[in-house]
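Asks: Below is the file protein12.json, with JSON, C-alpha atoms and all ligand atoms.
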[["chain", "number", "residue", "atom", "x", "y", "z"],
["B", 29, "MET", "CA", -12.99, -5.65, -13.19],
["B", 30, "ASN", "CA", -13.48, -2.06, -14.26],
["B", 31, "SER", "CA", -15.26, -1.35, -17.49],
["B", 32, "SER", "CA", -12.41, 0.30, -19.45],
["B", 33, "THR", "CA", -11.06, -1.48, -22.50],
["B", 34, "THR", "CA", -7.50, -0.43, -21.63],
["B", 35, "PRO", "CA", -6.74, -1.35, -18.02],
["B", 36, "PRO", "CA", -5.22, 1.51, -16.00],
["B", 37, "GLU", "CA", -1.44, 1.85, -15.72],
["B", 38, "ASN", "CA", -1.18, 2.93, -12.12],
["B", 39, "ILE", "CA", 1.59, 1.70, -9.87],
["B", 40, "VAL", "CA", 0.18, 0.50, -6.55],
["B", 41, "LEU", "CA", 2.39, -0.03, -3.49],
["B", 42, "ILE", "CA", 1.30, -2.50, -0.83],
["B", 43, "GLY", "CA", 3.10, -3.97, 2.16],
["B", 44, "PHE", "CA", 3.40, -3.94, 5.91],
["B", 45, "MET", "CA", 3.62, -0.77, 8.02],
["B", 46, "GLY", "CA", 7.11, 0.69, 7.80],
["B", 47, "CYS", "CA", 8.13, -1.14, 4.62],
["B", 48, "GLY", "CA", 8.77, 2.17, 2.79],
["B", 49, "LYS", "CA", 5.63, 2.67, 0.69],
["B", 50, "THR", "CA", 5.45, 6.41, 1.27],
["B", 51, "THR", "CA", 9.16, 7.05, 0.64],
["B", 52, "VAL", "CA", 9.24, 4.89, -2.47],
["B", 53, "GLY", "CA", 5.97, 6.45, -3.62],
["B", 54, "ARG", "CA", 7.58, 9.90, -3.45],
["B", 55, "GLU", "CA", 10.63, 8.65, -5.35],
["B", 56, "LEU", "CA", 8.40, 7.22, -8.12],
["B", 57, "GLN", "CA", 6.39, 10.43, -8.22],
["B", 58, "GLN", "CA", 9.57, 12.44, -8.80],
["B", 59, "ARG", "CA", 10.82, 10.12, -11.51],
["B", 60, "LEU", "CA", 7.56, 9.69, -13.40],
["B", 61, "GLY", "CA", 5.85, 12.98, -12.66],
["B", 62, "TYR", "CA", 2.60, 11.14, -11.90],
["B", 63, "PRO", "CA", 0.49, 12.34, -8.99],
["B", 64, "LEU", "CA", 0.96, 10.40, -5.77],
["B", 65, "VAL", "CA", -2.11, 9.30, -3.85],
["B", 66, "ASP", "CA", -1.19, 8.40, -0.29],
["B", 67, "MET", "CA", -4.36, 6.68, 0.90],
["B", 68, "ASP", "CA", -3.70, 7.22, 4.61],
["B", 69, "GLN", "CA", -3.19, 10.92, 3.99],
["B", 70, "VAL", "CA", -6.38, 11.26, 1.96],
["B", 71, "ILE", "CA", -8.36, 9.46, 4.67],
["B", 72, "GLU", "CA", -6.90, 11.74, 7.35],
["B", 73, "GLN", "CA", -7.81, 14.81, 5.32],
["B", 74, "ARG", "CA", -11.35, 13.56, 4.80],
["B", 75, "ALA", "CA", -11.82, 12.69, 8.46],
["B", 76, "GLY", "CA", -10.15, 15.91, 9.57],
["B", 77, "LYS", "CA", -8.06, 14.00, 12.11],
["B", 78, "PRO", "CA", -5.14, 11.60, 12.31],
["B", 79, "ILE", "CA", -5.55, 7.85, 11.91],
["B", 80, "THR", "CA", -4.96, 7.29, 15.63],
["B", 81, "ALA", "CA", -7.97, 9.52, 16.35],
["B", 82, "ILE", "CA", -10.13, 7.78, 13.72],
["B", 83, "PHE", "CA", -9.38, 4.43, 15.37],
["B", 84, "ALA", "CA", -9.95, 5.84, 18.88],
["B", 85, "ASP", "CA", -13.14, 7.83, 18.17],
["B", 86, "ASP", "CA", -14.83, 5.88, 15.39],
["B", 87, "GLY", "CA", -13.25, 2.41, 15.48],
["B", 88, "GLU", "CA", -11.18, 0.39, 13.02],
["B", 89, "THR", "CA", -14.22, -0.62, 10.95],
["B", 90, "THR", "CA", -14.93, 3.02, 10.10],
["B", 91, "PHE", "CA", -11.32, 3.41, 8.95],
["B", 92, "ARG", "CA", -11.57, 0.22, 6.85],
["B", 93, "ASP", "CA", -14.83, 1.44, 5.29],
["B", 94, "MET", "CA", -13.09, 4.68, 4.33],
["B", 95, "GLU", "CA", -10.27, 2.68, 2.74],
["B", 96, "THR", "CA", -12.70, 0.63, 0.67],
["B", 97, "ALA", "CA", -14.68, 3.71, -0.39],
["B", 98, "LEU", "CA", -11.47, 5.43, -1.52],
["B", 99, "LEU", "CA", -10.32, 2.39, -3.49],
["B", 100, "ARG", "CA", -13.66, 2.29, -5.30],
["B", 101, "GLU", "CA", -13.23, 5.96, -6.21],
["B", 102, "LEU", "CA", -9.66, 5.46, -7.39],
["B", 103, "ASN", "CA", -10.87, 2.71, -9.71],
["B", 104, "ASP", "CA", -11.84, 5.28, -12.32],
["B", 105, "PRO", "CA", -10.76, 4.37, -15.86],
["B", 106, "GLU", "CA", -10.84, 8.06, -16.87],
["B", 107, "ALA", "CA", -8.33, 9.11, -14.20],
["B", 108, "PRO", "CA", -4.72, 9.95, -15.13],
["B", 109, "ARG", "CA", -1.93, 7.50, -14.26],
["B", 110, "ARG", "CA", -0.97, 7.66, -10.63],
["B", 111, "ILE", "CA", 1.24, 6.22, -7.95],
["B", 112, "ILE", "CA", -0.97, 4.84, -5.19],
["B", 113, "SER", "CA", 0.50, 4.21, -1.76],
["B", 114, "THR", "CA", -1.75, 2.14, 0.50],
["B", 115, "GLY", "CA", -2.03, 1.47, 4.24],
["B", 116, "GLY", "CA", -0.58, -1.84, 5.43],
["B", 117, "GLY", "CA", -3.95, -3.41, 6.24],
["B", 118, "VAL", "CA", -5.67, -2.63, 2.95],
["B", 119, "VAL", "CA", -5.37, -6.24, 1.79],
["B", 120, "GLY", "CA", -7.59, -7.48, 4.62],
["B", 121, "ARG", "CA", -10.82, -7.31, 2.63],
["B", 122, "GLU", "CA", -11.46, -9.45, -0.40],
["B", 123, "GLU", "CA", -13.15, -6.56, -2.21],
["B", 124, "ASN", "CA", -10.07, -4.39, -1.63],
["B", 125, "ARG", "CA", -7.75, -7.06, -3.04],
["B", 126, "ALA", "CA", -9.82, -7.24, -6.23],
["B", 127, "LEU", "CA", -9.93, -3.44, -6.51],
["B", 128, "LEU", "CA", -6.16, -3.19, -6.02],
["B", 129, "LYS", "CA", -5.46, -5.68, -8.79],
["B", 130, "ASP", "CA", -7.78, -3.78, -11.11],
["B", 131, "LEU", "CA", -5.98, -0.53, -10.40],
["B", 132, "GLY", "CA", -2.74, -1.45, -12.15],
["B", 133, "TYR", "CA", 0.65, -2.93, -11.31],
["B", 134, "VAL", "CA", 0.69, -3.99, -7.67],
["B", 135, "VAL", "CA", 4.07, -4.09, -5.94],
["B", 136, "TRP", "CA", 4.54, -5.68, -2.52],
["B", 137, "LEU", "CA", 7.40, -4.00, -0.71],
["B", 138, "TYR", "CA", 8.76, -6.58, 1.69],
["B", 139, "ALA", "CA", 10.89, -5.93, 4.77],
["B", 140, "SER", "CA", 11.71, -8.29, 7.64],
["B", 141, "ALA", "CA", 9.96, -8.09, 11.02],
["B", 142, "ALA", "CA", 13.19, -6.79, 12.60],
["B", 143, "VAL", "CA", 13.43, -3.92, 10.10],
["B", 144, "ILE", "CA", 9.74, -3.12, 10.53],
["B", 145, "LEU", "CA", 10.09, -3.05, 14.32],
["B", 146, "ASP", "CA", 13.05, -0.71, 14.07],
["B", 147, "ARG", "CA", 11.29, 1.67, 11.68],
["B", 148, "THR", "CA", 7.89, 1.72, 13.32],
["B", 149, "GLY", "CA", 9.32, 2.04, 16.85],
["B", 150, "ARG", "CA", 10.30, 5.62, 16.10],
["B", 151, "ASN", "CA", 6.78, 7.05, 16.33],
["B", 152, "ARG", "CA", 3.34, 6.24, 17.70],
["B", 153, "THR", "CA", 1.20, 7.10, 14.71],
["B", 154, "ARG", "CA", 0.13, 3.49, 14.09],
["B", 155, "PRO", "CA", -2.70, 2.48, 16.40],
["B", 156, "LEU", "CA", -2.30, -1.25, 15.74],
["B", 157, "LEU", "CA", 1.26, -1.13, 17.10],
["B", 158, "ASN", "CA", 0.46, 0.89, 20.21],
["B", 159, "THR", "CA", 0.52, -2.24, 22.35],
["B", 160, "GLU", "CA", 2.68, -3.58, 25.15],
["B", 161, "ASP", "CA", 4.47, -5.91, 22.80],
["B", 162, "PRO", "CA", 4.70, -4.40, 19.30],
["B", 163, "ALA", "CA", 7.22, -7.07, 18.20],
["B", 164, "GLU", "CA", 4.70, -9.82, 18.88],
["B", 165, "ARG", "CA", 1.92, -7.84, 17.14],
["B", 166, "ILE", "CA", 4.12, -7.32, 14.08],
["B", 167, "GLN", "CA", 4.89, -11.03, 13.93],
["B", 168, "THR", "CA", 1.22, -12.03, 14.17],
["B", 169, "LEU", "CA", -0.05, -9.47, 11.67],
["B", 170, "MET", "CA", 2.74, -10.29, 9.22],
["B", 171, "GLU", "CA", 1.86, -13.97, 9.30],
["B", 172, "GLU", "CA", -1.83, -13.22, 8.83],
["B", 173, "ARG", "CA", -1.23, -10.86, 5.95],
["B", 174, "ARG", "CA", 1.58, -12.61, 4.08],
["B", 175, "PRO", "CA", -0.78, -14.75, 1.92],
["B", 176, "LEU", "CA", -2.95, -11.71, 1.24],
["B", 177, "TYR", "CA", -0.04, -9.59, -0.02],
["B", 178, "GLN", "CA", 1.13, -12.61, -2.01],
["B", 179, "GLU", "CA", -2.22, -13.11, -3.69],
["B", 180, "THR", "CA", -2.65, -9.40, -4.51],
["B", 181, "ALA", "CA", 0.80, -8.46, -5.78],
["B", 182, "HIS", "CA", 2.16, -8.76, -9.30],
["B", 183, "LEU", "CA", 5.66, -8.30, -7.88],
["B", 184, "LYS", "CA", 7.24, -8.96, -4.48],
["B", 185, "LEU", "CA", 10.27, -6.80, -3.94],
["B", 186, "ASP", "CA", 12.55, -7.51, -0.98],
["B", 187, "THR", "CA", 13.81, -4.10, 0.08],
["B", 188, "THR", "CA", 16.51, -5.46, 2.43],
["B", 189, "GLY", "CA", 19.69, -3.44, 1.97],
["B", 190, "LEU", "CA", 18.21, -1.27, -0.77],
["B", 191, "CYS", "CA", 17.71, 2.48, -0.70],
["B", 192, "SER", "CA", 14.48, 3.99, -2.04],
["B", 193, "ASP", "CA", 16.25, 5.00, -5.24],
["B", 194, "GLU", "CA", 17.21, 1.38, -5.97],
["B", 195, "VAL", "CA", 13.75, 0.11, -5.07],
["B", 196, "ALA", "CA", 12.16, 2.64, -7.43],
["B", 197, "THR", "CA", 14.49, 1.61, -10.27],
["B", 198, "GLY", "CA", 13.54, -2.04, -9.78],
["B", 199, "ILE", "CA", 9.85, -1.22, -9.80],
["B", 200, "LEU", "CA", 10.07, 0.89, -12.94],
["B", 201, "GLU", "CA", 11.91, -1.79, -14.90],
["B", 202, "CYS", "CA", 9.42, -4.48, -13.88],
["B", 203, "ALA", "CA", 6.40, -2.21, -14.44],
["B", 204, "ARG", "CA", 7.54, -1.37, -17.95],
["B", 205, "TYR", "CA", 7.80, -5.08, -18.75],
["B", 206, "PHE", "CA", 4.40, -5.77, -17.18],
["B", 207, "PHE", "CA", 2.53, -3.04, -19.04],
["B", 208, "THR", "CA", 4.23, -3.84, -22.35],
["B", 209, "ASN", "CA", 3.43, -7.54, -22.19],
["B", 210, "ARG", "CA", -0.01, -7.36, -20.65],
["B", 211, "ALA", "CA", -2.72, -8.85, -22.82],
["B", 301, "LIG", "C1", -2.38, 0.02, 9.08],
["B", 301, "LIG", "C2", -1.32, 0.66, 8.48],
["B", 301, "LIG", "C3", -1.18, 2.12, 8.44],
["B", 301, "LIG", "C4", -2.57, 2.77, 8.53],
["B", 301, "LIG", "C5", -3.31, 2.25, 9.72],
["B", 301, "LIG", "C6", -3.52, 0.75, 9.69],
["B", 301, "LIG", "C7", -2.40, -1.46, 9.10],
["B", 301, "LIG", "O1", -0.54, 2.56, 7.24],
["B", 301, "LIG", "O2", -3.29, 2.55, 7.36],
["B", 301, "LIG", "O3", -2.59, 2.61, 10.87],
["B", 301, "LIG", "O4", -3.46, -2.04, 9.38],
["B", 301, "LIG", "O5", -1.34, -2.08, 8.81],
["B", 301, "LIG", "P1", 1.03, 2.34, 6.94],
["B", 301, "LIG", "O6", 1.19, 0.97, 6.37],
["B", 301, "LIG", "O7", 1.33, 3.39, 5.93],
["B", 301, "LIG", "O8", 1.75, 2.53, 8.22]]
Please render this file's structure as structure tokens.
Replies:
Amino acid sequence: MNSSTTPPENIVLIGFMGCGKTTVGRELQQRLGYPLVDMDQVIEQRAGKPITAIFADDGETTFRDMETALLRELNDPEAPRRIISTGGGVVGREENRALLKDLGYVVWLYASAAVILDRTGRNRTRPLLNTEDPAERIQTLMEERRPLYQETAHLKLDTTGLCSDEVATGILECARYFFTNRA
């Protein structure tokens, strides 16, 4: 737990690759006027190369270490309120899950494996899905991660059939309730 007396009121988006975290993050940023921190983007800027190159040159562990380091930095009670959009695998480490919960209101954007396959099939920017059988990889990773998203999130939001505008509205209503009623 961070040391502030008032816990931070960030909105944190978690969920599988292709579930819409970046798009919904931008929508929330526009509505609230809070800065948006897209963790993947920050990591790419710091590394000076795309995530595919970080995985290829330095290995997944280096990428995961960068994720954890960034989460520790974001956990700053003095920082202004922000929207934080995470990478799909951020929940893999126990330390990360604790840091995420400390950061504010954690929303799990859920989409089905079929939707994820359709969305992620359009580009090759995700090293974990650059395999012979991305559908099988999605299925396996989703099963592995489901309990981790579940344990980390304050809210699970099924995005099926919803546009980013509707998802953002749902998040804002629930977040207001959460922050108002939090002890
Ligand atoms: C990953 C998801 C990606 C990115 C990296 C690893 C994962 O982010 O962090 O390729 O392990 O699920 P998105 O969820 O934004 O695609």
Asks: Throw together the list of residues within 6 Å of ligand LIG 301 (chain B), counting only C-alpha atoms and all ligand atoms, and drop it here as a ChimeraX atom specification.
Replies: /B:44-46,68,115-117,154-155
Asks: Output C-alpha atoms of each residue in that selection to a file, as a JSON list (two decimals), keeping the file's coordinate frame.
Replies:
[["chain", "number", "residue", "atom", "x", "y", "z"],
["B", 44, "PHE", "CA", 3.40, -3.94, 5.91],
["B", 45, "MET", "CA", 3.62, -0.77, 8.02],
["B", 46, "GLY", "CA", 7.11, 0.69, 7.80],
["B", 68, "ASP", "CA", -3.70, 7.22, 4.61],
["B", 115, "GLY", "CA", -2.03, 1.47, 4.24],
["B", 116, "GLY", "CA", -0.58, -1.84, 5.43],
["B", 117, "GLY", "CA", -3.95, -3.41, 6.24],
["B", 154, "ARG", "CA", 0.13, 3.49, 14.09],
["B", 155, "PRO", "CA", -2.70, 2.48, 16.40]]
Asks: Neighbours of Tyr133 in chain B within 12 Å (all atoms listed in the file; same-chain residues fewer than 3 positions away dropped), as an MDAnalysis selection string?
Replies: chainID B and resid 35:42 109:113 127:130 136 180:184 199:208 210
Asks: I'd like the interatomic distance between CA of Thr188 in chain B and CA of Tyr138 in chain B, to a tenth of an Å.
Replies: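 Result for CA of Thr188 in chain B versus CA of Tyr138 in chain B: 7.9 Å, one decimal.
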Asks: Might you pull out every residue within 10 Å of Leu169 in chain B, with all atoms listed in the file counted and same-chain residues fewer than 2 positions away left off, and present them as a list in words?
Replies: Phe44, Gly116, Gly117, Leu156, Glu164, Arg165, Ile166, Gln167, Glu171, Glu172, Arg173 and Arg174 of chain B
Asks: How would you write as a VMD selection string the residues that get within 12 Å of (11.1, -1.6, 9.3) in the file's frame, counting only C-alpha atoms?
Replies: chain B and resid 43 to 49 137 to 151 163 166 186 to 189
Asks: If we count only C-alpha atoms and set the cut-off at 12 Å, which residues sit around Ala81 in chain B, ignoring sequence neighbours fewer than 2 positions away in its own chain? Please answer as a VMD selection string.
Replies: chain B and resid 71 to 72 75 to 79 83 to 88 90 to 91 152 to 155
Asks: Rounded to one decimal place, report the CA of Leu190 in chain B-CA of Leu99 in chain B distance in Å.
Replies: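 We find that CA of Leu190 in chain B and CA of Leu99 in chain B lie 28.9 Å from each other.
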Asks: Could you tell me how far CA of Asn103 in chain B lies from CA of Gly132 in chain B, in Å and to one decimal?
Replies: 9.5 Å
Asks: Counting only C-alpha atoms, which residue out of B:Gly198, B:Pro63, B:Pro105, B:Gly120 sits closest to Met170 in chain B?
Replies: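 Closest to Met170 in chain B, using only C-alpha atoms: B:Gly120.
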Asks: Given all atoms listed in the file as the basis, pick out the residue of B:Cys191, B:Thr51, B:Gln178, B:Tyr62 nearest to Ala107 in chain B.
Replies: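 Distance minimum relative to Ala107 in chain B lands on B:Tyr62.
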